[in-house]
$ cat data-v1.cif   # mmCIF, C-alpha atoms
data_protein
#
loop_
_atom_site.label_atom_id
_atom_site.label_comp_id
_atom_site.auth_asym_id
_atom_site.auth_seq_id
_atom_site.Cartn_x
_atom_site.Cartn_y
_atom_site.Cartn_z
CA MET A 8 11.10 13.31 4.32
CA LYS A 9 13.56 12.98 7.15
CA ASP A 10 12.70 11.80 10.67
CA LEU A 11 10.25 9.16 9.46
CA GLU A 12 10.43 5.49 10.32
CA TYR A 13 9.22 2.97 7.76
CA LYS A 14 8.36 -0.55 8.83
CA VAL A 15 6.50 -3.67 7.82
CA ALA A 16 3.24 -3.64 9.75
CA THR A 17 2.54 -6.31 12.34
CA ALA A 18 -0.18 -6.86 14.92
CA ASP A 19 1.87 -4.60 17.21
CA ASP A 20 0.88 -1.67 14.94
CA LEU A 21 -2.85 -2.27 15.23
CA GLN A 22 -3.49 0.39 17.89
CA ALA A 23 -1.60 3.05 15.92
CA MET A 24 -3.62 2.13 12.83
CA ILE A 25 -6.87 2.44 14.77
CA LEU A 26 -5.80 5.83 16.12
CA VAL A 27 -5.03 7.30 12.69
CA GLY A 28 -8.28 5.80 11.38
CA ASP A 29 -9.99 7.49 8.48
CA SER A 30 -7.55 10.37 8.37
CA LEU A 31 -5.34 7.85 6.52
CA PHE A 32 -7.56 4.92 5.59
CA ASP A 33 -10.76 5.28 3.55
CA ASN A 34 -12.85 4.38 6.62
CA PRO A 35 -12.30 3.81 10.33
CA VAL A 36 -10.13 0.74 10.92
CA LYS A 37 -12.09 -2.38 11.86
CA PRO A 38 -9.95 -4.07 14.54
CA GLY A 39 -10.96 -7.67 13.77
CA ILE A 40 -10.48 -7.32 10.02
CA ALA A 41 -7.23 -5.37 10.51
CA ARG A 42 -5.85 -8.12 12.77
CA GLU A 43 -6.81 -10.75 10.18
CA PHE A 44 -5.02 -8.72 7.48
CA LEU A 45 -1.90 -8.28 9.60
CA GLU A 46 -1.73 -11.98 10.48
CA ASP A 47 -2.29 -13.24 6.92
CA PRO A 48 1.08 -14.17 5.35
CA ARG A 49 -0.02 -13.04 1.89
CA HIS A 50 -1.14 -9.57 2.95
CA HIS A 51 1.49 -6.87 3.47
CA MET A 52 1.62 -3.29 4.65
CA ILE A 53 4.40 -0.78 5.03
CA LEU A 54 3.75 2.01 7.52
CA ALA A 55 5.38 5.42 7.79
CA TYR A 56 5.63 6.73 11.34
CA LYS A 57 6.36 10.28 12.45
CA ASP A 58 7.07 10.33 16.15
CA GLN A 59 4.62 7.72 17.48
CA GLY A 60 1.87 8.19 14.89
CA VAL A 61 1.22 6.57 11.54
CA VAL A 62 1.25 9.12 8.70
CA GLY A 63 1.33 6.84 5.65
CA MET A 64 0.74 3.31 4.44
CA ALA A 65 1.03 1.13 1.38
CA SER A 66 -0.73 -2.21 1.36
CA GLY A 67 -0.74 -5.13 -0.97
CA LEU A 68 -1.00 -8.82 -1.35
CA HIS A 69 1.06 -11.31 -3.19
CA TYR A 70 -0.71 -13.98 -5.11
CA ILE A 71 0.33 -17.11 -6.86
CA HIS A 72 -0.99 -18.97 -9.85
CA PRO A 73 0.00 -22.42 -11.11
CA ASP A 74 1.76 -21.07 -14.19
CA LYS A 75 3.31 -17.84 -12.89
CA ASP A 76 5.82 -16.50 -10.41
CA PRO A 77 4.38 -14.72 -7.36
CA VAL A 78 3.09 -11.20 -8.15
CA LEU A 79 2.61 -8.28 -5.77
CA PHE A 80 -0.64 -6.38 -6.21
CA ILE A 81 -0.46 -2.98 -4.53
CA GLY A 82 -3.96 -2.34 -3.28
CA GLU A 83 -3.76 1.04 -1.60
CA VAL A 84 -1.32 3.83 -0.88
CA GLY A 85 -2.24 6.67 1.44
CA VAL A 86 -0.63 9.58 3.24
CA VAL A 87 -2.27 11.79 5.87
CA ASP A 88 -3.22 15.11 4.23
CA GLU A 89 -0.68 17.31 6.02
CA TYR A 90 2.20 15.02 4.95
CA GLN A 91 1.30 14.71 1.26
CA ASN A 92 3.60 15.91 -1.53
CA GLN A 93 6.74 15.16 0.47
CA GLY A 94 7.77 11.89 -1.21
CA ILE A 95 6.28 9.62 1.45
CA GLY A 96 3.93 7.77 -0.92
CA ARG A 97 6.76 7.18 -3.36
CA GLU A 98 8.97 5.79 -0.57
CA LEU A 99 6.18 3.56 0.72
CA VAL A 100 5.69 2.04 -2.75
CA LYS A 101 9.43 1.46 -3.17
CA ARG A 102 9.64 -0.25 0.20
CA LEU A 103 6.58 -2.39 -0.45
CA CYS A 104 8.10 -3.51 -3.76
CA GLU A 105 11.38 -4.35 -2.02
CA HIS A 106 9.42 -6.33 0.55
CA GLY A 107 7.70 -8.18 -2.31
CA LYS A 108 11.06 -9.42 -3.55
CA THR A 109 11.60 -11.23 -0.23
CA PHE A 110 8.81 -13.69 -1.02
CA GLY A 111 9.72 -14.20 -4.67
CA CYS A 112 7.70 -11.58 -6.51
CA LYS A 113 9.18 -10.79 -9.89
CA GLU A 114 6.61 -8.10 -10.68
CA ALA A 115 4.32 -5.67 -8.89
CA TRP A 116 1.40 -3.70 -10.22
CA VAL A 117 -0.99 -1.03 -9.07
CA ALA A 118 -4.01 0.61 -10.66
CA THR A 119 -5.46 4.07 -10.19
CA GLU A 120 -7.97 6.30 -11.89
CA GLU A 121 -6.71 8.12 -14.97
CA SER A 122 -7.73 11.40 -13.32
CA ASN A 123 -5.64 10.73 -10.17
CA LEU A 124 -2.61 12.71 -11.30
CA ALA A 125 -0.98 12.77 -7.85
CA ALA A 126 -0.99 8.97 -7.62
CA ARG A 127 0.26 8.58 -11.18
CA LYS A 128 3.11 11.00 -10.45
CA ALA A 129 4.05 9.11 -7.27
CA TYR A 130 3.99 5.75 -9.06
CA VAL A 131 6.25 6.99 -11.84
CA ALA A 132 8.59 8.59 -9.29
CA SER A 133 8.82 5.28 -7.43
CA GLY A 134 9.93 3.45 -10.58
CA GLY A 135 6.60 2.43 -12.09
CA ILE A 136 6.04 2.45 -15.82
CA GLU A 137 2.57 3.48 -16.93
CA ASP A 138 1.07 0.84 -19.19
CA GLN A 139 -0.13 2.33 -22.45
CA ASP A 140 -2.65 -0.48 -22.95
CA LYS A 141 -5.54 0.94 -20.90
CA ILE A 142 -7.64 -1.48 -18.88
CA VAL A 143 -11.38 -1.64 -18.42
CA LEU A 144 -12.52 -2.35 -14.88
CA PHE A 145 -15.58 -4.42 -14.07
CA GLU A 146 -17.04 -4.40 -10.58
CA TYR A 147 -19.34 -7.08 -9.18
CA GLN A 148 -21.65 -6.35 -6.25
CA LEU A 149 -21.65 -9.55 -4.21
CA THR A 150 -24.20 -8.52 -1.60
#
$ encode --input "data-v1.cif" --output "structure tokens"
Amino acid sequence: MKDLEYKVATADDLQAMILVGDSLFDNPVKPGIAREFLEDPRHHMILAYKDQGVVGMASGLHYIHPDKDPVLFIGEVGVVDEYQNQGIGRELVKRLCEHGKTFGCKEAWVATEESNLAARKAYVASGGIEDQDKIVLFEYQLT
């Protein structure tokens, strides 16, 4: 989509993130947690702006392990409802992956539900290759 600006999120974007709130994010933005995320060098977010408002985001973190190169885990991708199906999510993922290269990531990965056809389509369109070896997810409740 034309007339969008894509940028790496910084603390300067916090107010715009709060304003878009749960029309983009799963829940209202928590300012203290959001600031911590934005100031953490291993957490990353690409924002899509239309005019002065945020209309899309892709977030991730890069992690390291003693025996591996850095890897980018894409945690979430979201686009405000009225801007969906215009290639914004695909562009956000591409830009987040490019950003991952700047800190040495040789690989990126993202997971979604098998039933989330829109996300799967966007990930393929952004260059992702769907793994045929299906995973099983385990969740631990820590509270």
$ closest_residue --input "data-v1.cif" --among "A:Gly28, A:Gly67, A:Gly134, A:Pro38" --to "His106 (chain A)" --atoms "all atoms listed in the file"
A:Gly67
$ atom_distance --input "data-v1.cif" --atom1 "CA of Gly60 (chain A)" --atom2 "CA of Leu11 (chain A)"
10.0 Å
$ residues_around --input "data-v1.cif" --residues "Leu21 (chain A)" --least-positions-apart "5" --cutoff "9 Å" --atoms "only C-alpha atoms" --output "number ranges by chain"
A: 16, 26, 36, 38, 41-42, 45
$ resolve_selection --input "data-v1.cif" --expression "the PyMOL selection byres ((chain A and resi 126) around 12)" --output "VMD selection string"
chain A and resid 83 to 86 91 to 92 94 to 97 100 117 to 125 127 to 133 135 137
$ atom_distance --input "data-v1.cif" --atom1 "CA of Ile25 (chain A)" --atom2 "CA of Gln148 (chain A)"
27.2 Å
$ resolve_selection --input "data-v1.cif" --expression "the PyMOL selection byres ((chain A and resi 76-78) around 10)" --output "list of chain:residue names"
A:Leu68, A:His69, A:Tyr70, A:Ile71, A:His72, A:Pro73, A:Asp74, A:Lys75, A:Leu79, A:Phe80, A:Ile81, A:Gly107, A:Lys108, A:Phe110, A:Gly111, A:Cys112, A:Lys113, A:Glu114, A:Ala115, A:Trp116
$ closest_residue --input "data-v1.cif" --among "A:Ile40, A:Ala55, A:Ala23, A:Leu31" --to "Asp10 (chain A)" --atoms "all atoms listed in the file"
A:Ala55
$ atom_distance --input "data-v1.cif" --atom1 "CA of Tyr147 (chain A)" --atom2 "CA of Cys104 (chain A)"
28.2 Å
$ closest_residue --input "data-v1.cif" --among "A:Val87, A:Met52, A:Leu103, A:Val15" --to "Asp29 (chain A)" --atoms "all atoms listed in the file"
A:Val87
$ closest_residue --input "data-v1.cif" --among "A:Lys9, A:Tyr56, A:Lys141, A:Ser30" --to "Glu89 (chain A)" --atoms "all atoms listed in the file"
A:Ser30
$ closest_residue --input "data-v1.cif" --among "A:Val27, A:Leu99, A:Leu149, A:Ile142" --to "His51 (chain A)" --atoms "only C-alpha atoms"
A:Leu99
$ build_atoms --input "data-v1.cif" --residues "region 95-123 of chain A" --atoms "N, CA and C atoms" --output "compact mmCIF listing (two decimals), keeping the file's coordinate frame"
# COMPACT_ATOMS: atom_id res chain seq x y z
N ILE A 95 6.56 10.75 0.57
CA ILE A 95 6.28 9.62 1.45
C ILE A 95 5.60 8.48 0.69
N GLY A 96 4.61 8.80 -0.13
CA GLY A 96 3.93 7.77 -0.92
C GLY A 96 4.89 7.03 -1.83
N ARG A 97 5.75 7.77 -2.48
CA ARG A 97 6.76 7.18 -3.36
C ARG A 97 7.65 6.22 -2.58
N GLU A 98 8.10 6.64 -1.40
CA GLU A 98 8.97 5.79 -0.57
C GLU A 98 8.24 4.56 -0.08
N LEU A 99 6.98 4.71 0.28
CA LEU A 99 6.18 3.56 0.72
C LEU A 99 6.06 2.52 -0.39
N VAL A 100 5.81 2.97 -1.62
CA VAL A 100 5.69 2.04 -2.75
C VAL A 100 7.02 1.34 -2.99
N LYS A 101 8.11 2.08 -2.98
CA LYS A 101 9.43 1.46 -3.17
C LYS A 101 9.69 0.39 -2.13
N ARG A 102 9.39 0.71 -0.88
CA ARG A 102 9.64 -0.25 0.20
C ARG A 102 8.72 -1.47 0.12
N LEU A 103 7.47 -1.26 -0.28
CA LEU A 103 6.58 -2.39 -0.45
C LEU A 103 7.07 -3.30 -1.57
N CYS A 104 7.55 -2.71 -2.66
CA CYS A 104 8.10 -3.51 -3.76
C CYS A 104 9.34 -4.29 -3.32
N GLU A 105 10.21 -3.65 -2.56
CA GLU A 105 11.38 -4.35 -2.02
C GLU A 105 10.95 -5.51 -1.13
N HIS A 106 9.95 -5.27 -0.32
CA HIS A 106 9.42 -6.33 0.55
C HIS A 106 8.88 -7.48 -0.29
N GLY A 107 8.23 -7.15 -1.42
CA GLY A 107 7.70 -8.18 -2.31
C GLY A 107 8.78 -9.11 -2.85
N LYS A 108 9.96 -8.58 -3.06
CA LYS A 108 11.06 -9.42 -3.55
C LYS A 108 11.42 -10.51 -2.54
N THR A 109 11.20 -10.25 -1.25
CA THR A 109 11.60 -11.23 -0.23
C THR A 109 10.76 -12.49 -0.27
N PHE A 110 9.59 -12.46 -0.89
CA PHE A 110 8.81 -13.69 -1.02
C PHE A 110 8.64 -14.09 -2.48
N GLY A 111 9.61 -13.68 -3.31
CA GLY A 111 9.72 -14.20 -4.67
C GLY A 111 8.98 -13.46 -5.76
N CYS A 112 8.41 -12.32 -5.46
CA CYS A 112 7.70 -11.58 -6.51
C CYS A 112 8.69 -11.04 -7.53
N LYS A 113 8.36 -11.27 -8.78
CA LYS A 113 9.18 -10.79 -9.89
C LYS A 113 8.57 -9.54 -10.52
N GLU A 114 7.34 -9.22 -10.11
CA GLU A 114 6.61 -8.10 -10.68
C GLU A 114 5.63 -7.58 -9.64
N ALA A 115 5.35 -6.28 -9.72
CA ALA A 115 4.32 -5.67 -8.89
C ALA A 115 3.48 -4.79 -9.80
N TRP A 116 2.23 -4.61 -9.45
CA TRP A 116 1.40 -3.70 -10.22
C TRP A 116 0.39 -3.01 -9.32
N VAL A 117 -0.02 -1.85 -9.79
CA VAL A 117 -0.99 -1.03 -9.07
C VAL A 117 -1.86 -0.34 -10.12
N ALA A 118 -3.10 -0.10 -9.77
CA ALA A 118 -4.01 0.61 -10.66
C ALA A 118 -4.54 1.85 -9.95
N THR A 119 -4.83 2.87 -10.72
CA THR A 119 -5.46 4.07 -10.19
C THR A 119 -6.32 4.67 -11.29
N GLU A 120 -7.14 5.61 -10.92
CA GLU A 120 -7.97 6.30 -11.89
C GLU A 120 -7.09 7.17 -12.79
N GLU A 121 -7.47 7.29 -14.03
CA GLU A 121 -6.71 8.12 -14.97
C GLU A 121 -6.64 9.56 -14.48
N SER A 122 -7.68 10.01 -13.80
CA SER A 122 -7.73 11.40 -13.32
C SER A 122 -6.90 11.64 -12.06
N ASN A 123 -6.40 10.58 -11.42
CA ASN A 123 -5.64 10.73 -10.17
C ASN A 123 -4.17 11.05 -10.50
